[in-house]
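Following: one structure in structure tokens, then a few remarks.
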Amino acid sequence: MIENPKTADICKEPVLYSILENDLYKFSMSHYYQMINPLATGKFAFKDRNNLVFTQEFVDILRRAFKHLTELHLTNQELDWCKINLPYIPQCYFEWLQGFSFNPDLINIWLDGDGHLQIEVQDLIYKVTLYEMPILSTVSEMYYRYKGYKVKDWAYIDEQLARKAELSDSHQLKYANFGLRRRFSHQVEDHVTDYLVHNSKYFVGSSTVSFAMKYQAVNPYFKPIGTMAHELIMASGAMYGPREANYIVMRNWAHVYGGSLGVMLTDCFTTDVFLRNFSMDMAKLYDGVRHDSGDPFLFGDKMIEKYKSYNINPMTKSIVFSDALDFEKMVAINDYFKGRINLSFGIGTNLTNDCGYEPLNIVMKLVSFRVNPRQPELKCVKLSDVRGKEIGDPSEIDLYKRMLGISLS
């Protein structure tokens, strides 16, 4: 077959340059699955919330781009760094990762009848969880390459970064980069990280492990940041039901990590449901929680009241805010909660895709889970604190809401 020259040119350079160019929480969850659900399989499905129309040519470009994933392998230098800087994940995990290779043939890509992009990938869950970020970042970067969009003005980007750094410094906003999945490009994320490491006092880390490794050489206190994602709670909800899924994950996570990585995600089945599961022992054990949807001010007030109900001083706990942030929003949240609870921020698209173009609004979520080959494949659901952002089969969503006493209207 003769390849389209445009496809070959667009795909010449890879999107990812290291197997550690992935979010930290993908590795921590991968190890969790090996310990808790080693026989389980999972299926992830792509969703474009903007329902853009794509072409078959773009699908062909993605297939070609995903072939670069086979080139990614954990190097000996990376292994040595992980052993020192990610001590809560045991060495045996990274020795396994050295033998792991992405398989692009597992990535199923097509257009539906309306031209909307569909992507699915299925495998043992401790392996397939590692595909989510590479797929999303590849779709995002290849979209801009395909459209011919390029960074027109690096000085403009630096001006925006200078303004953001000044805001964070003047308000003492501790924040990390969470921007891998919807970034403009590898080059932009690298540039942004480099600038902020050198110019922003309260820029403390990155969820992208490879950049945390690279820029720790500049600032030894710069860290990889992350704990867990919705998929853990979604899988637990499919197995055991949503009423106790948060508590089961908290117990299992504590068993695997023994107190490390102690920030719990709260909104998978709504924060109110999480708070029913957030018992005194878990509230004392976990360092804090992460906010990822809904009103941040209402959320923070609820968490503070929950801690106070257990006679826990909220100033000994933390909230990580990570929902669609910009720096002005961070300032408002900080001003509201200052002196009431510890705060930090994970900011993504506003850092790594603030280049003058419209960012994509894409996600990839766990849609089914099978605990072992003898058990049925179960559908997964995410509800969120924002009505209309539910993910899953509509009948399953309604069932979960009935079980949890959430209004269907």
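How things are named: the first chain in the structure tokens is A, the next is B, and so on; residues count from 1 in each chain; ligands count from 1 in the order shown.
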
Excluding region 96-108 of chain A and residues on its chain fewer than 3 positions from it, collect all residues at most 12 Å away from it, counting only C-alpha atoms, and give them as a ChimeraX atom specification. /A:18-20,27,30-31,34,43-46,59-60,62-80,82,89-93,111,117-124,126-132,134-136

Expected answer as an NGL selection string: alpha helix (DSSP H) residues in region 121-232 of chain A: :A and (125-128 or 132-147 or 154-171 or 186-199 or 209-216 or 230-232)

May I ask which of the residues A:Tyr33, A:Tyr286, A:Tyr25, A:Tyr144 is the closest one to Ile125 (chain A), counting only C-alpha atoms?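 Looking at the shortest contact to Ile125 (chain A), the residue is A:Tyr33.
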
Which one of A:Ala176, A:Leu261, A:Met282, A:Met403 sits closest to Tyr32 (chain A) if you count only C-alpha atoms? A:Leu261

I'd like the neighbourhood of Thr266 (chain A) as a VMD selection string, where a residue qualifies if any of its atoms comes within 7 Å (using only C-alpha atoms), though same-chain residues fewer than 6 positions away should be ignored. chain A and resid 274 289 to 291

Write out, as a PDB file, in the first residue's frame, the residues just selected, with C-alpha atoms.
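Contents of again-v4.pdb, freshly written:
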```pdb
ATOM      1  CA  PHE A 274     -17.984   9.815  49.197  1.00  0.00           C
ATOM      2  CA  VAL A 289      -8.642  14.775  49.131  1.00  0.00           C
ATOM      3  CA  ARG A 290      -8.762  15.909  45.509  1.00  0.00           C
ATOM      4  CA  HIS A 291     -11.535  18.039  44.019  1.00  0.00           C
TER       5      HIS A 291
END
```

Can you pull out every residue from region 16-192 of chain A that DSSP, working from the backbone, puts in strand (DSSP E or B), and format the result as a ChimeraX atom specification? /A:23,41-48,107-111,117-124,175-177

Taking only C-alpha atoms into account, name the residue in A:Ser407, A:Gln375, A:Gln160, A:Asn22 that is nearest to Ser137 (chain A).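 Selected residue with least distance to Ser137 (chain A): A:Asn22.
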
Nearest-residue call for Gly348 (chain A), choices A:Gln187, A:Ser309, A:Thr41, A:Asn361, using only C-alpha atoms: A:Asn361

Nearest candidate to Lys306 (chain A) (options A:Phe321, A:Phe278, A:Phe178, A:Tyr257; using only C-alpha atoms): A:Phe278

Identify which of the residues A:Tyr336, A:Phe269, A:Tyr88, A:Tyr357 lies closest to His230 (chain A), counting only C-alpha atoms when measuring atom-to-atom distances.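 Between A:Tyr336, A:Phe269, A:Tyr88, A:Tyr357, the residue approaching His230 (chain A) most closely is A:Phe269.
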
Set the distance at 10 Å and use only C-alpha atoms: which residues neighbour Trp154 (chain A) once local chain neighbours fewer than 5 positions away are removed? I'd like the list as a list in words.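 Residues meeting the cut-off are Glu159, Gln160, Val188, His191 and Cys355 of chain A.
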
What would the file look like if the residues just selected were written as a compact mmCIF listing (two decimals), in the first residue's frame with N, CA, C and O atoms?
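Result written to selection-v2.txt:
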```
# COMPACT_ATOMS: atom_id res chain seq x y z
N GLU A 159 5.07 35.46 28.04
CA GLU A 159 4.37 36.55 28.72
C GLU A 159 3.24 36.02 29.59
O GLU A 159 3.05 36.47 30.73
N GLN A 160 2.49 35.03 29.06
CA GLN A 160 1.42 34.44 29.85
C GLN A 160 1.97 33.68 31.06
O GLN A 160 1.41 33.75 32.16
N VAL A 188 5.68 22.04 23.77
CA VAL A 188 5.07 23.08 24.60
C VAL A 188 5.11 22.69 26.07
O VAL A 188 5.46 23.52 26.93
N HIS A 191 8.62 23.21 27.28
CA HIS A 191 8.94 24.64 27.39
C HIS A 191 8.29 25.25 28.63
O HIS A 191 8.94 26.00 29.38
N CYS A 355 -2.02 28.41 23.84
CA CYS A 355 -1.21 28.82 22.70
C CYS A 355 -1.99 29.64 21.68
O CYS A 355 -1.49 29.90 20.58
```

Would you tabulate, counting only C-alpha atoms, all residues of region 348-372 of chain A that have an atom at most 9 Å from an atom of region 237-254 of chain A, showing the closest pair of atoms and their distance in Å to one decimal, sorted by chain then ascending number, as a Markdown table?
```
| residue | atom | partner | partner_atom | distance |
| --- | --- | --- | --- | --- |
| A:Ser368 | CA | A:Ala238 | CA | 8.1 |
| A:Phe369 | CA | A:Ala238 | CA | 7.1 |
| A:Arg370 | CA | A:Met239 | CA | 8.4 |
| A:Val371 | CA | A:Met239 | CA | 7.7 |
```
